[in-house]
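Visitor: Here it is: the structure, laid out below.
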Amino acid sequence: MDGIKYAVFTEKSIRLLGNNQYTSNVESGSTRTEIKHWIELLFGVKVIAMNSHRLPVKGRRMGPIMGHTMHYRRMIITLQPGYSIPPLIEKRT
């Protein structure tokens, strides 16, 4: 279950909730099959589709050294009609 980082709450993700689609950030090394398996076991739902994309890397400067933020992948998970996931806790930064 370590692959799923946190739920994402943006304007688009809130709009997608009406279509029974949930958005979350996951580890970039996790596969779609792993994420689908974790979602189905943890929440007891049926996943019918998964879309993913890699987020752009944001640069972070620490003195003279230029670094970057962590690599995550955003998954949009579509559930079968009649299933839903309870609200997840939003990550505060």
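All residue names refer to the structure tokens as shown: chains lettered A, B, ... in order, residues numbered from 1 in each chain, ligands numbered from 1 in order.
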Quick one: residues within 10 Å of A:Leu42, only C-alpha atoms counted, chain neighbours fewer than 3 positions away excluded, as a PyMOL selection string?
Guide: chain A and resi 1+37-39+45+85
Visitor: Save out the residues we just selected, C-alpha atoms, as a tab-separated table (two decimals), in the first residue's frame.
Guide:
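File written: result07.tsv
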chain	number	residue	atom	x	y	z
A	1	MET	CA	0.00	0.00	0.00
A	37	HIS	CA	-4.97	-4.41	-6.87
A	38	TRP	CA	-4.33	-2.11	-3.87
A	39	ILE	CA	-7.40	0.05	-4.58
A	45	VAL	CA	-14.44	-1.50	-5.13
A	85	ILE	CA	-14.34	5.57	-2.27
Visitor: Which neighbours of stretch 28-31 of chain A fall inside 9 Å, counting only C-alpha atoms, when residues of the same chain fewer than 6 positions from it are skipped, and could you give them as a PDB file with N, CA, C and O atoms, in the first residue's frame?
Guide:
ATOM      1  N   GLY A   3       2.623   2.390  -2.323  1.00  0.00           N
ATOM      2  CA  GLY A   3       2.686   3.019  -3.629  1.00  0.00           C
ATOM      3  C   GLY A   3       1.740   4.185  -3.791  1.00  0.00           C
ATOM      4  O   GLY A   3       2.002   5.113  -4.544  1.00  0.00           O
ATOM      5  N   ILE A   4       0.621   4.179  -3.074  1.00  0.00           N
ATOM      6  CA  ILE A   4      -0.352   5.264  -3.174  1.00  0.00           C
ATOM      7  C   ILE A   4       0.031   6.331  -2.153  1.00  0.00           C
ATOM      8  O   ILE A   4       0.019   6.078  -0.955  1.00  0.00           O
ATOM      9  N   ARG A  54       2.860  11.361 -15.898  1.00  0.00           N
ATOM     10  CA  ARG A  54       3.935  11.797 -15.014  1.00  0.00           C
ATOM     11  C   ARG A  54       3.850  13.312 -14.862  1.00  0.00           C
ATOM     12  O   ARG A  54       3.668  14.034 -15.831  1.00  0.00           O
ATOM     13  N   HIS A  71       9.675  12.473  -7.715  1.00  0.00           N
ATOM     14  CA  HIS A  71       8.988  12.020  -8.912  1.00  0.00           C
ATOM     15  C   HIS A  71       7.730  11.257  -8.517  1.00  0.00           C
ATOM     16  O   HIS A  71       7.812  10.264  -7.792  1.00  0.00           O
ATOM     17  N   TYR A  72       6.603  11.741  -8.963  1.00  0.00           N
ATOM     18  CA  TYR A  72       5.334  11.068  -8.726  1.00  0.00           C
ATOM     19  C   TYR A  72       4.618  10.883 -10.045  1.00  0.00           C
ATOM     20  O   TYR A  72       4.929  11.538 -11.034  1.00  0.00           O
ATOM     21  N   ARG A  73       3.642  10.017 -10.032  1.00  0.00           N
ATOM     22  CA  ARG A  73       2.784   9.809 -11.177  1.00  0.00           C
ATOM     23  C   ARG A  73       1.355  10.013 -10.696  1.00  0.00           C
ATOM     24  O   ARG A  73       1.005   9.612  -9.594  1.00  0.00           O
ATOM     25  N   ARG A  74       0.542  10.681 -11.486  1.00  0.00           N
ATOM     26  CA  ARG A  74      -0.843  10.929 -11.113  1.00  0.00           C
ATOM     27  C   ARG A  74      -1.737   9.912 -11.803  1.00  0.00           C
ATOM     28  O   ARG A  74      -1.660   9.727 -13.013  1.00  0.00           O
TER      29      ARG A  74
END
Visitor: As an NGL selection string, please: every residue in chain A that DSSP puts in helix (DSSP H, G or I).
Guide: :A and (11-19 or 32-43)
Visitor: Would you mind exporting the chosen residues as a PDB file, in the first residue's frame, restricted to C-alpha atoms?
Guide:
ATOM      1  CA  GLU A  11     -10.713  21.751  -9.636  1.00  0.00           C
ATOM      2  CA  LYS A  12     -10.400  19.043 -12.262  1.00  0.00           C
ATOM      3  CA  SER A  13     -10.305  16.169  -9.761  1.00  0.00           C
ATOM      4  CA  ILE A  14     -13.398  17.494  -7.964  1.00  0.00           C
ATOM      5  CA  ARG A  15     -15.191  17.746 -11.314  1.00  0.00           C
ATOM      6  CA  LEU A  16     -14.194  14.146 -12.132  1.00  0.00           C
ATOM      7  CA  LEU A  17     -15.789  12.891  -8.900  1.00  0.00           C
ATOM      8  CA  GLY A  18     -19.146  13.348 -10.647  1.00  0.00           C
ATOM      9  CA  ASN A  19     -18.044  10.765 -13.233  1.00  0.00           C
ATOM     10  CA  ARG A  32      -1.015  -0.032 -12.970  1.00  0.00           C
ATOM     11  CA  THR A  33      -1.701  -3.620 -11.959  1.00  0.00           C
ATOM     12  CA  GLU A  34      -0.301  -3.025  -8.456  1.00  0.00           C
ATOM     13  CA  ILE A  35      -2.301   0.177  -7.976  1.00  0.00           C
ATOM     14  CA  LYS A  36      -5.506  -1.471  -9.216  1.00  0.00           C
ATOM     15  CA  HIS A  37      -4.971  -4.409  -6.874  1.00  0.00           C
ATOM     16  CA  TRP A  38      -4.333  -2.113  -3.871  1.00  0.00           C
ATOM     17  CA  ILE A  39      -7.401   0.048  -4.583  1.00  0.00           C
ATOM     18  CA  GLU A  40      -9.679  -2.977  -4.987  1.00  0.00           C
ATOM     19  CA  LEU A  41      -8.409  -4.653  -1.793  1.00  0.00           C
ATOM     20  CA  LEU A  42      -8.298  -1.563   0.412  1.00  0.00           C
ATOM     21  CA  PHE A  43     -11.667  -0.034  -0.511  1.00  0.00           C
TER      22      PHE A  43
END
Visitor: Mind giving me the straight-line distance from atom CA of A:Val8 to atom CA of A:Tyr83 in Å, one decimal?
Guide: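 Distance reported for this atom pair: 18.9 Å.
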Visitor: Can you work out the spacing between atom CA of A:Thr10 and atom CA of A:Lys46 in Å, to one decimal?
Guide: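 For atom CA of A:Thr10 relative to atom CA of A:Lys46, the distance reads 23.6 Å.
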